[in-house]
>>> print(open('start30.pdb').read())   # PDB, C-alpha atoms, pLDDT in the B column
ATOM      1  CA  MET U1403     -12.479  -4.601 -27.805  1.00 45.00           C
ATOM      2  CA  LYS U1404     -11.839  -2.221 -30.706  1.00 45.00           C
ATOM      3  CA  ARG U1405     -10.653   0.342 -28.196  1.00 49.00           C
ATOM      4  CA  PHE U1406      -7.868  -1.936 -27.091  1.00 47.00           C
ATOM      5  CA  ALA U1407      -5.548  -1.229 -29.996  1.00 44.00           C
ATOM      6  CA  VAL U1408      -5.924   2.474 -29.421  1.00 45.00           C
ATOM      7  CA  ILE U1409      -5.030   2.005 -25.786  1.00 44.00           C
ATOM      8  CA  ALA U1410      -2.103  -0.313 -26.412  1.00 44.00           C
ATOM      9  CA  LEU U1411      -0.147   2.068 -28.640  1.00 40.00           C
ATOM     10  CA  PRO U1412       0.294   4.898 -26.135  1.00 41.00           C
ATOM     11  CA  LEU U1413       1.234   2.310 -23.532  1.00 41.00           C
ATOM     12  CA  VAL U1414       4.047   0.958 -25.656  1.00 37.00           C
ATOM     13  CA  LEU U1415       5.304   4.448 -26.387  1.00 36.00           C
ATOM     14  CA  ALA U1416       5.130   5.405 -22.742  1.00 36.00           C
ATOM     15  CA  SER U1417       7.070   2.415 -21.498  1.00 39.00           C
ATOM     16  CA  ALA U1418       9.781   3.103 -24.041  1.00 37.00           C
ATOM     17  CA  THR U1419      10.257   6.631 -22.780  1.00 39.00           C
ATOM     18  CA  ALA U1420       9.229   6.089 -19.151  1.00 41.00           C
ATOM     19  CA  LEU U1421       7.404   9.408 -19.324  1.00 45.00           C
ATOM     20  CA  ALA U1422       4.010   9.873 -17.731  1.00 50.00           C
ATOM     21  CA  ALA U1423       1.626   7.547 -19.518  1.00 52.00           C
ATOM     22  CA  PRO U1424      -1.747   8.955 -20.456  1.00 58.00           C
ATOM     23  CA  PRO U1425      -4.348   7.477 -18.128  1.00 53.00           C
ATOM     24  CA  VAL U1426      -5.688   4.240 -19.558  1.00 81.00           C
ATOM     25  CA  GLY U1427      -8.954   4.249 -17.669  1.00 95.00           C
ATOM     26  CA  ASP U1428     -11.834   6.661 -17.308  1.00 97.00           C
ATOM     27  CA  PRO U1429     -11.188   8.618 -14.101  1.00 97.00           C
ATOM     28  CA  ASP U1430     -14.728   9.997 -13.905  1.00 97.00           C
ATOM     29  CA  ARG U1431     -16.280   6.553 -13.906  1.00 98.00           C
ATOM     30  CA  GLY U1432     -13.561   5.428 -11.473  1.00 98.00           C
ATOM     31  CA  GLY U1433     -14.506   8.206  -9.080  1.00 98.00           C
ATOM     32  CA  GLN U1434     -18.134   7.142  -9.236  1.00 98.00           C
ATOM     33  CA  ILE U1435     -17.232   3.564  -8.305  1.00 98.00           C
ATOM     34  CA  HIS U1436     -14.912   4.832  -5.573  1.00 98.00           C
ATOM     35  CA  ARG U1437     -17.678   6.872  -3.941  1.00 98.00           C
ATOM     36  CA  GLY U1438     -20.288   4.140  -4.406  1.00 97.00           C
ATOM     37  CA  GLU U1439     -22.326   6.103  -6.956  1.00 97.00           C
ATOM     38  CA  ILE U1440     -21.819   3.154  -9.269  1.00 96.00           C
ATOM     39  CA  GLU U1441     -22.341   0.082  -7.144  1.00 94.00           C
ATOM     40  CA  ILE U1442     -20.292  -3.057  -7.388  1.00 92.00           C
ATOM     41  CA  GLU U1443     -22.368  -6.055  -6.346  1.00 90.00           C
ATOM     42  CA  GLY U1444     -21.651  -7.040  -2.738  1.00 88.00           C
ATOM     43  CA  VAL U1445     -18.802  -4.562  -2.241  1.00 91.00           C
ATOM     44  CA  ALA U1446     -18.685  -1.535   0.049  1.00 94.00           C
ATOM     45  CA  ALA U1447     -17.678   1.750  -1.580  1.00 97.00           C
ATOM     46  CA  CYS U1448     -13.896   2.108  -1.687  1.00 98.00           C
ATOM     47  CA  SER U1449     -14.234   5.498  -0.004  1.00 98.00           C
ATOM     48  CA  THR U1450     -15.510   3.845   3.187  1.00 97.00           C
ATOM     49  CA  CYS U1451     -11.988   2.664   3.950  1.00 98.00           C
ATOM     50  CA  HIS U1452      -9.689   4.599   1.619  1.00 98.00           C
ATOM     51  CA  GLY U1453     -11.367   7.948   2.263  1.00 97.00           C
ATOM     52  CA  GLN U1454     -13.356  10.350   0.152  1.00 97.00           C
ATOM     53  CA  THR U1455     -10.270  11.619  -1.707  1.00 97.00           C
ATOM     54  CA  GLY U1456      -8.206   8.436  -1.501  1.00 98.00           C
ATOM     55  CA  ASN U1457      -5.771  10.274   0.758  1.00 97.00           C
ATOM     56  CA  ASP U1458      -7.882  10.701   3.895  1.00 96.00           C
ATOM     57  CA  THR U1459      -8.106   7.035   4.831  1.00 97.00           C
ATOM     58  CA  LEU U1460     -10.031   5.679   7.809  1.00 96.00           C
ATOM     59  CA  ASP U1461      -6.805   5.040   9.724  1.00 95.00           C
ATOM     60  CA  GLY U1462      -3.155   4.157   9.174  1.00 96.00           C
ATOM     61  CA  THR U1463      -3.833   0.535   8.277  1.00 96.00           C
ATOM     62  CA  PHE U1464      -5.603   1.571   5.060  1.00 98.00           C
ATOM     63  CA  PRO U1465      -3.193   2.641   2.344  1.00 98.00           C
ATOM     64  CA  LYS U1466      -3.370   6.044   0.712  1.00 98.00           C
ATOM     65  CA  LEU U1467      -4.190   5.586  -2.954  1.00 98.00           C
ATOM     66  CA  ALA U1468      -4.336   9.235  -4.053  1.00 98.00           C
ATOM     67  CA  GLY U1469      -1.442  10.123  -6.338  1.00 97.00           C
ATOM     68  CA  GLN U1470      -0.268   6.519  -6.725  1.00 97.00           C
ATOM     69  CA  TYR U1471       0.789   5.306 -10.179  1.00 96.00           C
ATOM     70  CA  PRO U1472      -2.342   3.903 -11.875  1.00 96.00           C
ATOM     71  CA  GLU U1473      -0.547   0.930 -13.423  1.00 94.00           C
ATOM     72  CA  TYR U1474       0.820  -0.110 -10.014  1.00 96.00           C
ATOM     73  CA  LEU U1475      -2.716   0.027  -8.594  1.00 98.00           C
ATOM     74  CA  VAL U1476      -4.056  -2.193 -11.389  1.00 97.00           C
ATOM     75  CA  HIS U1477      -1.197  -4.588 -10.711  1.00 96.00           C
ATOM     76  CA  ALA U1478      -1.929  -4.525  -6.955  1.00 98.00           C
ATOM     77  CA  LEU U1479      -5.626  -5.282  -7.503  1.00 98.00           C
ATOM     78  CA  GLN U1480      -4.766  -8.168  -9.817  1.00 97.00           C
ATOM     79  CA  SER U1481      -2.322  -9.528  -7.243  1.00 97.00           C
ATOM     80  CA  TYR U1482      -5.179  -9.861  -4.756  1.00 98.00           C
ATOM     81  CA  VAL U1483      -7.216 -11.743  -7.372  1.00 97.00           C
ATOM     82  CA  ASP U1484      -4.442 -14.138  -8.448  1.00 96.00           C
ATOM     83  CA  GLY U1485      -3.349 -14.714  -4.846  1.00 96.00           C
ATOM     84  CA  THR U1486       0.226 -13.455  -5.089  1.00 96.00           C
ATOM     85  CA  ARG U1487      -0.853 -10.933  -2.471  1.00 97.00           C
ATOM     86  CA  ASP U1488      -2.670 -12.445   0.458  1.00 96.00           C
ATOM     87  CA  ASN U1489      -5.216 -10.183   2.122  1.00 96.00           C
ATOM     88  CA  ALA U1490      -8.599 -11.259   3.402  1.00 96.00           C
ATOM     89  CA  VAL U1491     -10.201  -7.819   3.077  1.00 96.00           C
ATOM     90  CA  MET U1492      -9.100  -6.857  -0.426  1.00 97.00           C
ATOM     91  CA  LYS U1493      -9.310 -10.252  -2.141  1.00 97.00           C
ATOM     92  CA  PRO U1494     -13.108 -10.442  -2.404  1.00 97.00           C
ATOM     93  CA  ILE U1495     -13.294  -6.749  -3.273  1.00 97.00           C
ATOM     94  CA  ALA U1496     -10.723  -6.952  -6.062  1.00 98.00           C
ATOM     95  CA  SER U1497     -12.302 -10.165  -7.345  1.00 97.00           C
ATOM     96  CA  ALA U1498     -15.611  -8.354  -7.850  1.00 97.00           C
ATOM     97  CA  LEU U1499     -13.999  -5.803 -10.188  1.00 97.00           C
ATOM     98  CA  SER U1500     -13.681  -6.107 -13.959  1.00 97.00           C
ATOM     99  CA  ARG U1501     -10.444  -5.141 -15.693  1.00 97.00           C
ATOM    100  CA  LYS U1502     -12.161  -1.939 -16.825  1.00 97.00           C
ATOM    101  CA  ASP U1503     -13.301  -1.160 -13.273  1.00 97.00           C
ATOM    102  CA  MET U1504      -9.695  -1.560 -12.093  1.00 98.00           C
ATOM    103  CA  GLU U1505      -8.365   0.718 -14.808  1.00 97.00           C
ATOM    104  CA  ASP U1506     -11.026   3.367 -14.228  1.00 98.00           C
ATOM    105  CA  LEU U1507     -10.510   3.349 -10.447  1.00 98.00           C
ATOM    106  CA  SER U1508      -6.746   3.517 -10.828  1.00 98.00           C
ATOM    107  CA  ALA U1509      -6.996   6.404 -13.275  1.00 97.00           C
ATOM    108  CA  PHE U1510      -9.126   8.221 -10.701  1.00 98.00           C
ATOM    109  CA  TYR U1511      -6.634   7.655  -7.855  1.00 98.00           C
ATOM    110  CA  GLY U1512      -3.742   8.680 -10.090  1.00 97.00           C
ATOM    111  CA  GLN U1513      -5.414  12.042 -10.636  1.00 96.00           C
ATOM    112  CA  GLN U1514      -6.181  12.704  -6.987  1.00 97.00           C
ATOM    113  CA  ARG U1515      -3.835  14.878  -4.984  1.00 95.00           C
ATOM    114  CA  GLY U1516      -2.248  13.303  -1.960  1.00 96.00           C
ATOM    115  CA  ASP U1517       0.841  12.826   0.157  1.00 96.00           C
ATOM    116  CA  LEU U1518       2.457  10.038  -1.861  1.00 97.00           C
ATOM    117  CA  ALA U1519       5.782  10.829  -3.504  1.00 96.00           C
ATOM    118  CA  ILE U1520       9.009   9.208  -4.552  1.00 95.00           C
ATOM    119  CA  ILE U1521      11.767   9.124  -1.938  1.00 96.00           C
ATOM    120  CA  PRO U1522      13.768  12.341  -2.255  1.00 92.00           C
ATOM    121  CA  ARG U1523      17.316  11.526  -3.322  1.00 80.00           C
ATOM    122  CA  ASP U1524      19.033  14.575  -1.847  1.00 67.00           C
ATOM    123  CA  ARG U1525      18.233  13.508   1.645  1.00 54.00           C
TER     124      ARG U1525
ATOM    125  CA  MET O1272      -4.658 -14.992  21.971  1.00 42.00           C
ATOM    126  CA  ARG O1273      -3.963 -16.062  25.535  1.00 45.00           C
ATOM    127  CA  LEU O1274      -3.325 -12.688  27.127  1.00 41.00           C
ATOM    128  CA  SER O1275      -5.884 -11.829  29.741  1.00 42.00           C
ATOM    129  CA  ILE O1276      -7.824  -8.631  29.511  1.00 41.00           C
ATOM    130  CA  PRO O1277      -6.092  -6.971  32.489  1.00 43.00           C
ATOM    131  CA  ILE O1278      -2.698  -7.555  30.879  1.00 40.00           C
ATOM    132  CA  LEU O1279      -3.873  -6.259  27.542  1.00 40.00           C
ATOM    133  CA  LEU O1280      -5.319  -3.216  29.179  1.00 40.00           C
ATOM    134  CA  ALA O1281      -2.111  -2.603  31.087  1.00 39.00           C
ATOM    135  CA  THR O1282       0.043  -2.826  27.968  1.00 39.00           C
ATOM    136  CA  THR O1283      -2.349  -0.590  26.146  1.00 40.00           C
ATOM    137  CA  LEU O1284      -2.191   2.038  28.838  1.00 41.00           C
ATOM    138  CA  ALA O1285       1.527   1.745  29.321  1.00 40.00           C
ATOM    139  CA  GLY O1286       2.710   1.507  25.748  1.00 39.00           C
ATOM    140  CA  GLY O1287       0.034   2.823  23.467  1.00 42.00           C
ATOM    141  CA  ALA O1288       0.803   0.349  20.702  1.00 45.00           C
ATOM    142  CA  ALA O1289       1.914  -3.073  21.869  1.00 46.00           C
ATOM    143  CA  SER O1290       4.925  -2.904  19.567  1.00 46.00           C
ATOM    144  CA  ALA O1291       6.071   0.388  21.046  1.00 46.00           C
ATOM    145  CA  GLN O1292       7.307  -1.456  24.099  1.00 56.00           C
ATOM    146  CA  THR O1293      10.125  -3.296  22.408  1.00 79.00           C
ATOM    147  CA  ILE O1294      10.681  -1.308  19.247  1.00 89.00           C
ATOM    148  CA  VAL O1295      11.100   2.424  19.195  1.00 93.00           C
ATOM    149  CA  PRO O1296      11.233   3.597  15.588  1.00 95.00           C
ATOM    150  CA  ASN O1297      14.061   5.977  14.761  1.00 95.00           C
ATOM    151  CA  VAL O1298      13.441   8.280  11.805  1.00 95.00           C
ATOM    152  CA  GLU O1299      17.099   9.194  11.338  1.00 95.00           C
ATOM    153  CA  ASP O1300      18.173   5.530  11.257  1.00 96.00           C
ATOM    154  CA  GLY O1301      15.329   4.925   8.829  1.00 96.00           C
ATOM    155  CA  ARG O1302      16.596   7.656   6.531  1.00 96.00           C
ATOM    156  CA  ILE O1303      19.959   5.918   6.313  1.00 96.00           C
ATOM    157  CA  LYS O1304      18.501   2.428   5.975  1.00 96.00           C
ATOM    158  CA  ALA O1305      16.176   3.609   3.194  1.00 96.00           C
ATOM    159  CA  TYR O1306      19.116   4.635   1.039  1.00 94.00           C
ATOM    160  CA  THR O1307      19.096   1.385  -0.997  1.00 93.00           C
ATOM    161  CA  CYS O1308      15.392   1.799  -1.590  1.00 95.00           C
ATOM    162  CA  THR O1309      15.907   5.003  -3.564  1.00 94.00           C
ATOM    163  CA  GLY O1310      17.421   2.893  -6.366  1.00 92.00           C
ATOM    164  CA  CYS O1311      13.852   2.057  -7.357  1.00 94.00           C
ATOM    165  CA  HIS O1312      11.534   4.158  -5.174  1.00 96.00           C
ATOM    166  CA  GLY O1313      13.529   7.369  -5.586  1.00 94.00           C
ATOM    167  CA  ILE O1314      13.592   7.578  -9.362  1.00 90.00           C
ATOM    168  CA  PRO O1315      10.611   9.205 -11.080  1.00 87.00           C
ATOM    169  CA  GLY O1316       8.661   6.586 -13.014  1.00 82.00           C
ATOM    170  CA  TRP O1317      11.160   3.762 -12.407  1.00 88.00           C
ATOM    171  CA  ARG O1318       9.695   0.596 -13.854  1.00 86.00           C
ATOM    172  CA  ASN O1319       9.396  -2.971 -12.739  1.00 86.00           C
ATOM    173  CA  ALA O1320      10.464  -5.045 -15.761  1.00 77.00           C
ATOM    174  CA  TYR O1321       7.966  -7.889 -15.739  1.00 76.00           C
ATOM    175  CA  PRO O1322       5.127  -7.366 -15.433  1.00 79.00           C
ATOM    176  CA  ASN O1323       5.745  -3.847 -16.592  1.00 84.00           C
ATOM    177  CA  PHE O1324       4.480  -1.223 -14.159  1.00 90.00           C
ATOM    178  CA  ARG O1325       5.904   1.741 -12.341  1.00 93.00           C
ATOM    179  CA  VAL O1326       7.365   1.070  -8.900  1.00 95.00           C
ATOM    180  CA  PRO O1327       4.943   2.492  -6.317  1.00 97.00           C
ATOM    181  CA  ARG O1328       5.320   5.801  -4.562  1.00 97.00           C
ATOM    182  CA  ILE O1329       5.922   5.006  -0.910  1.00 97.00           C
ATOM    183  CA  MET O1330       7.086   8.317   0.590  1.00 97.00           C
ATOM    184  CA  GLY O1331       4.186   9.787   2.594  1.00 97.00           C
ATOM    185  CA  GLN O1332       2.356   6.459   3.027  1.00 98.00           C
ATOM    186  CA  HIS O1333       0.984   5.527   6.468  1.00 97.00           C
ATOM    187  CA  TYR O1334       3.376   4.062   9.048  1.00 97.00           C
ATOM    188  CA  GLU O1335       1.124   1.139  10.021  1.00 97.00           C
ATOM    189  CA  TYR O1336       0.448   0.159   6.416  1.00 98.00           C
ATOM    190  CA  LEU O1337       4.164   0.285   5.538  1.00 98.00           C
ATOM    191  CA  VAL O1338       5.062  -1.938   8.494  1.00 97.00           C
ATOM    192  CA  GLN O1339       2.401  -4.395   7.340  1.00 97.00           C
ATOM    193  CA  ALA O1340       3.586  -4.317   3.712  1.00 97.00           C
ATOM    194  CA  LEU O1341       7.246  -4.895   4.597  1.00 97.00           C
ATOM    195  CA  SER O1342       6.327  -7.662   7.045  1.00 96.00           C
ATOM    196  CA  ASP O1343       4.212  -9.272   4.314  1.00 96.00           C
ATOM    197  CA  TYR O1344       7.149  -9.348   1.886  1.00 96.00           C
ATOM    198  CA  ARG O1345       9.261 -10.914   4.605  1.00 95.00           C
ATOM    199  CA  SER O1346       6.662 -13.565   5.447  1.00 94.00           C
ATOM    200  CA  GLY O1347       5.721 -14.259   1.838  1.00 94.00           C
ATOM    201  CA  ALA O1348       2.132 -13.044   2.144  1.00 95.00           C
ATOM    202  CA  ARG O1349       3.204 -10.653  -0.616  1.00 96.00           C
ATOM    203  CA  GLN O1350       5.107 -12.654  -3.179  1.00 94.00           C
ATOM    204  CA  HIS O1351       6.660 -10.090  -5.496  1.00 93.00           C
ATOM    205  CA  PRO O1352      10.201 -11.544  -5.961  1.00 91.00           C
ATOM    206  CA  THR O1353      12.143  -8.269  -6.155  1.00 89.00           C
ATOM    207  CA  MET O1354      10.563  -6.767  -3.079  1.00 92.00           C
ATOM    208  CA  ARG O1355      10.814 -10.060  -1.233  1.00 93.00           C
ATOM    209  CA  ALA O1356      14.544  -9.950  -1.810  1.00 90.00           C
ATOM    210  CA  GLN O1357      14.546  -6.424  -0.356  1.00 88.00           C
ATOM    211  CA  GLY O1358      12.328  -7.304   2.578  1.00 88.00           C
ATOM    212  CA  GLU O1359      13.820 -10.629   3.621  1.00 89.00           C
ATOM    213  CA  ALA O1360      16.864  -9.165   5.308  1.00 89.00           C
ATOM    214  CA  LEU O1361      14.999  -6.518   7.308  1.00 95.00           C
ATOM    215  CA  SER O1362      14.644  -6.872  11.087  1.00 96.00           C
ATOM    216  CA  ASP O1363      11.586  -5.616  12.958  1.00 96.00           C
ATOM    217  CA  GLN O1364      13.672  -2.639  13.991  1.00 96.00           C
ATOM    218  CA  ASP O1365      14.694  -1.919  10.371  1.00 97.00           C
ATOM    219  CA  ILE O1366      11.076  -2.097   9.261  1.00 97.00           C
ATOM    220  CA  ALA O1367       9.949   0.279  12.010  1.00 97.00           C
ATOM    221  CA  ASP O1368      12.773   2.742  11.292  1.00 97.00           C
ATOM    222  CA  ILE O1369      12.232   2.774   7.529  1.00 97.00           C
ATOM    223  CA  ALA O1370       8.447   3.014   7.862  1.00 98.00           C
ATOM    224  CA  ALA O1371       8.839   5.929  10.274  1.00 97.00           C
ATOM    225  CA  PHE O1372      11.155   7.737   7.865  1.00 97.00           C
ATOM    226  CA  LEU O1373       8.827   7.175   4.885  1.00 97.00           C
ATOM    227  CA  ALA O1374       5.726   8.188   6.830  1.00 97.00           C
ATOM    228  CA  GLY O1375       7.415  11.336   8.087  1.00 93.00           C
ATOM    229  CA  GLY O1376       7.447  10.157  11.678  1.00 85.00           C
ATOM    230  CA  ALA O1377       6.069   7.212  13.610  1.00 77.00           C
ATOM    231  CA  PRO O1378       3.098   7.272  15.882  1.00 74.00           C
ATOM    232  CA  THR O1379       4.594   7.702  19.341  1.00 60.00           C
ATOM    233  CA  PRO O1380       2.961   6.265  22.438  1.00 54.00           C
ATOM    234  CA  ALA O1381       2.383   9.744  23.788  1.00 43.00           C
ATOM    235  CA  ALA O1382       1.045  11.318  20.633  1.00 44.00           C
ATOM    236  CA  THR O1383      -1.066   8.484  19.297  1.00 46.00           C
ATOM    237  CA  PRO O1384      -4.202   6.998  20.742  1.00 46.00           C
ATOM    238  CA  ALA O1385      -3.922   3.271  21.404  1.00 45.00           C
ATOM    239  CA  PRO O1386      -4.975   1.090  18.488  1.00 46.00           C
ATOM    240  CA  VAL O1387      -8.369  -0.530  18.797  1.00 45.00           C
ATOM    241  CA  GLU O1388      -6.784  -3.961  18.777  1.00 47.00           C
ATOM    242  CA  ALA O1389      -3.815  -4.525  21.053  1.00 42.00           C
ATOM    243  CA  ARG O1390      -1.864  -7.440  19.625  1.00 44.00           C
ATOM    244  CA  PRO O1391       1.318  -9.193  20.692  1.00 45.00           C
ATOM    245  CA  VAL O1392       4.392  -8.090  18.801  1.00 43.00           C
ATOM    246  CA  ASP O1393       5.579 -11.407  17.400  1.00 44.00           C
ATOM    247  CA  ASP O1394       2.159 -12.313  16.052  1.00 41.00           C
ATOM    248  CA  ALA O1395       1.769  -9.000  14.318  1.00 38.00           C
ATOM    249  CA  ALA O1396       4.930  -9.515  12.287  1.00 39.00           C
ATOM    250  CA  ASP O1397       4.201 -13.055  11.133  1.00 39.00           C
ATOM    251  CA  ASP O1398       0.513 -13.167  10.615  1.00 39.00           C
ATOM    252  CA  ALA O1399      -0.798 -11.159   7.730  1.00 36.00           C
ATOM    253  CA  ASP O1400      -4.343 -11.451   8.960  1.00 35.00           C
ATOM    254  CA  THR O1401      -3.808  -9.669  12.252  1.00 34.00           C
ATOM    255  CA  ALA O1402      -3.922  -6.323  10.505  1.00 36.00           C
ATOM    256  CA  ASN O1403      -7.458  -6.968   9.469  1.00 37.00           C
ATOM    257  CA  PRO O1404      -9.169  -8.855  12.251  1.00 38.00           C
ATOM    258  CA  PRO O1405     -12.433 -10.275  10.972  1.00 38.00           C
ATOM    259  CA  SER O1406     -15.347  -8.586  12.652  1.00 38.00           C
ATOM    260  CA  GLU O1407     -17.379 -11.199  14.421  1.00 31.00           C
TER     261      GLU O1407
END
>>> encode(input="start30.pdb", output="structure tokens")
Amino acid sequence: MKRFAVIALPLVLASATALAAPPVGDPDRGGQIHRGEIEIEGVAACSTCHGQTGNDTLDGTFPKLAGQYPEYLVHALQSYVDGTRDNAVMKPIASALSRKDMEDLSAFYGQQRGDLAIIPRDR
Amino acid sequence: MRLSIPILLATTLAGGAASAQTIVPNVEDGRIKAYTCTGCHGIPGWRNAYPNFRVPRIMGQHYEYLVQALSDYRSGARQHPTMRAQGEALSDQDIADIAAFLAGGAPTPAATPAPVEARPVDDAADDADTANPPSE
């Protein structure tokens, strides 16, 4: 828990400026969980459905995660756990993850290149 | 599901996706309808106030997933209050148009292979579980 204070400070600074926050999690460990190299008890590797890169998903019903904001992904995973987001597939998966797993995975996805972008304003 | 197999097969052959029969997504309409969305989804790093996180990137996401997500806000399967307020007013047509714009085009009956599961239109919108049929 000593690391927490170190993590919290950059977060506060980042939210004040709304600039890119430094990744909170460990993207290398996140990638290993994603690909199933680190196993989560009773859970298929994330890459099975979300694709090897997080962009090349199995089909259009599985969201692209590559390039998504890490803090949104942590929030999304927690929403499955606390039930504010109802999905039968992701609830047991998210519930098997620790907070650190969520942060590491999200840091990994945030670093991946993909199609996701903000909506262009000069449309 | 009461539809008989011959009917399902016929709709699958005729329409590709079951929803394609009644709703034809229009990318240009979607571009216009998505204008209000840019207030949050079109600003780099725009933040949700509480809990504090950046509003997700949705441009370039899959069409099918976007339709599901917007339907889930409308039905309450996804409870985020701000997005529920955005999603509540959307018709099936609005959702299809906006999703097609964001995804850079919708799967068209001609161009897309039929989905594995043909499902009736009105069920698909209301029932969050239909997107992920449990494998028996």
>>> closest_atom_pairs(input="start30.pdb", of="region 1321-1369 of chain O", to="region 1444-1466 of chain U", cutoff="12 Å", atoms="only C-alpha atoms", output="Markdown table")
| residue | atom | partner | partner_atom | distance |
| --- | --- | --- | --- | --- |
| O:Pro1327 | CA | U:Lys1466 | CA | 11.5 |
| O:Arg1328 | CA | U:Lys1466 | CA | 10.2 |
| O:Ile1329 | CA | U:Lys1466 | CA | 9.5 |
| O:Met1330 | CA | U:Lys1466 | CA | 10.7 |
| O:Gly1331 | CA | U:Lys1466 | CA | 8.6 |
| O:Gln1332 | CA | U:Lys1466 | CA | 6.2 |
| O:His1333 | CA | U:Gly1462 | CA | 5.1 |
| O:Tyr1334 | CA | U:Gly1462 | CA | 6.5 |
| O:Glu1335 | CA | U:Thr1463 | CA | 5.3 |
| O:Tyr1336 | CA | U:Thr1463 | CA | 4.7 |
| O:Leu1337 | CA | U:Pro1465 | CA | 8.4 |
| O:Val1338 | CA | U:Thr1463 | CA | 9.2 |
| O:Gln1339 | CA | U:Thr1463 | CA | 8.0 |
| O:Ala1340 | CA | U:Pro1465 | CA | 9.8 |
>>> residues_around(input="start30.pdb", residues="Arg1515 (chain U)", least_positions_apart="3", cutoff="10 Å", atoms="only C-alpha atoms", output="PyMOL selection string")
chain U and resi 1455-1457+1467-1470+1511-1512+1518
>>> atom_distance(input="start30.pdb", atom1="CA of Gly1310 (chain O)", atom2="CA of Met1354 (chain O)")
12.3 Å
>>> resolve_selection(input="start30.pdb", expression="the PyMOL selection byres ((chain U and resi 1476) around 12)", output="PDB file with C-alpha atoms, in the coordinates of the input")
ATOM      1  CA  PRO U1425      -4.348   7.477 -18.128  1.00 53.00           C
ATOM      2  CA  VAL U1426      -5.688   4.240 -19.558  1.00 81.00           C
ATOM      3  CA  GLY U1427      -8.954   4.249 -17.669  1.00 95.00           C
ATOM      4  CA  LEU U1467      -4.190   5.586  -2.954  1.00 98.00           C
ATOM      5  CA  GLN U1470      -0.268   6.519  -6.725  1.00 97.00           C
ATOM      6  CA  TYR U1471       0.789   5.306 -10.179  1.00 96.00           C
ATOM      7  CA  PRO U1472      -2.342   3.903 -11.875  1.00 96.00           C
ATOM      8  CA  GLU U1473      -0.547   0.930 -13.423  1.00 94.00           C
ATOM      9  CA  TYR U1474       0.820  -0.110 -10.014  1.00 96.00           C
ATOM     10  CA  LEU U1475      -2.716   0.027  -8.594  1.00 98.00           C
ATOM     11  CA  HIS U1477      -1.197  -4.588 -10.711  1.00 96.00           C
ATOM     12  CA  ALA U1478      -1.929  -4.525  -6.955  1.00 98.00           C
ATOM     13  CA  LEU U1479      -5.626  -5.282  -7.503  1.00 98.00           C
ATOM     14  CA  GLN U1480      -4.766  -8.168  -9.817  1.00 97.00           C
ATOM     15  CA  SER U1481      -2.322  -9.528  -7.243  1.00 97.00           C
ATOM     16  CA  TYR U1482      -5.179  -9.861  -4.756  1.00 98.00           C
ATOM     17  CA  VAL U1483      -7.216 -11.743  -7.372  1.00 97.00           C
ATOM     18  CA  ALA U1496     -10.723  -6.952  -6.062  1.00 98.00           C
ATOM     19  CA  LEU U1499     -13.999  -5.803 -10.188  1.00 97.00           C
ATOM     20  CA  SER U1500     -13.681  -6.107 -13.959  1.00 97.00           C
ATOM     21  CA  ARG U1501     -10.444  -5.141 -15.693  1.00 97.00           C
ATOM     22  CA  LYS U1502     -12.161  -1.939 -16.825  1.00 97.00           C
ATOM     23  CA  ASP U1503     -13.301  -1.160 -13.273  1.00 97.00           C
ATOM     24  CA  MET U1504      -9.695  -1.560 -12.093  1.00 98.00           C
ATOM     25  CA  GLU U1505      -8.365   0.718 -14.808  1.00 97.00           C
ATOM     26  CA  ASP U1506     -11.026   3.367 -14.228  1.00 98.00           C
ATOM     27  CA  LEU U1507     -10.510   3.349 -10.447  1.00 98.00           C
ATOM     28  CA  SER U1508      -6.746   3.517 -10.828  1.00 98.00           C
ATOM     29  CA  ALA U1509      -6.996   6.404 -13.275  1.00 97.00           C
ATOM     30  CA  PHE U1510      -9.126   8.221 -10.701  1.00 98.00           C
ATOM     31  CA  TYR U1511      -6.634   7.655  -7.855  1.00 98.00           C
ATOM     32  CA  GLY U1512      -3.742   8.680 -10.090  1.00 97.00           C
TER      33      GLY U1512
ATOM     34  CA  PRO O1322       5.127  -7.366 -15.433  1.00 79.00           C
ATOM     35  CA  ASN O1323       5.745  -3.847 -16.592  1.00 84.00           C
ATOM     36  CA  PHE O1324       4.480  -1.223 -14.159  1.00 90.00           C
ATOM     37  CA  ARG O1325       5.904   1.741 -12.341  1.00 93.00           C
ATOM     38  CA  PRO O1327       4.943   2.492  -6.317  1.00 97.00           C
TER      39      PRO O1327
END
>>> resolve_selection(input="start30.pdb", expression="the PyMOL selection byres ((chain O and resi 1363-1377) around 10)", output="JSON, numbers by chain")
{"U": [1517, 1518, 1519, 1520, 1521], "O": [1290, 1291, 1293, 1294, 1295, 1296, 1297, 1298, 1299, 1300, 1301, 1302, 1303, 1304, 1305, 1306, 1308, 1329, 1330, 1331, 1332, 1333, 1334, 1335, 1336, 1337, 1338, 1339, 1340, 1341, 1342, 1358, 1360, 1361, 1362, 1378, 1379, 1380, 1382, 1383, 1392, 1393, 1396]}
>>> build_atoms(input="start30.pdb", residues="region 1308-1312 of chain O", atoms="N, CA and C atoms", output="short mmCIF file (atom, residue, chain, number, x, y, z; two decimals), in the coordinates of the input")
data_model
loop_
_atom_site.label_atom_id
_atom_site.label_comp_id
_atom_site.auth_asym_id
_atom_site.auth_seq_id
_atom_site.Cartn_x
_atom_site.Cartn_y
_atom_site.Cartn_z
N CYS O 1308 16.73 1.80 -1.01
CA CYS O 1308 15.39 1.80 -1.59
C CYS O 1308 15.25 2.85 -2.68
N THR O 1309 16.05 3.91 -2.59
CA THR O 1309 15.91 5.00 -3.56
C THR O 1309 16.28 4.53 -4.96
N GLY O 1310 17.05 3.44 -5.06
CA GLY O 1310 17.42 2.89 -6.37
C GLY O 1310 16.21 2.60 -7.23
N CYS O 1311 15.10 2.28 -6.61
CA CYS O 1311 13.85 2.06 -7.36
C CYS O 1311 12.76 3.06 -6.96
N HIS O 1312 12.64 3.31 -5.66
CA HIS O 1312 11.53 4.16 -5.17
C HIS O 1312 11.90 5.64 -5.16
#
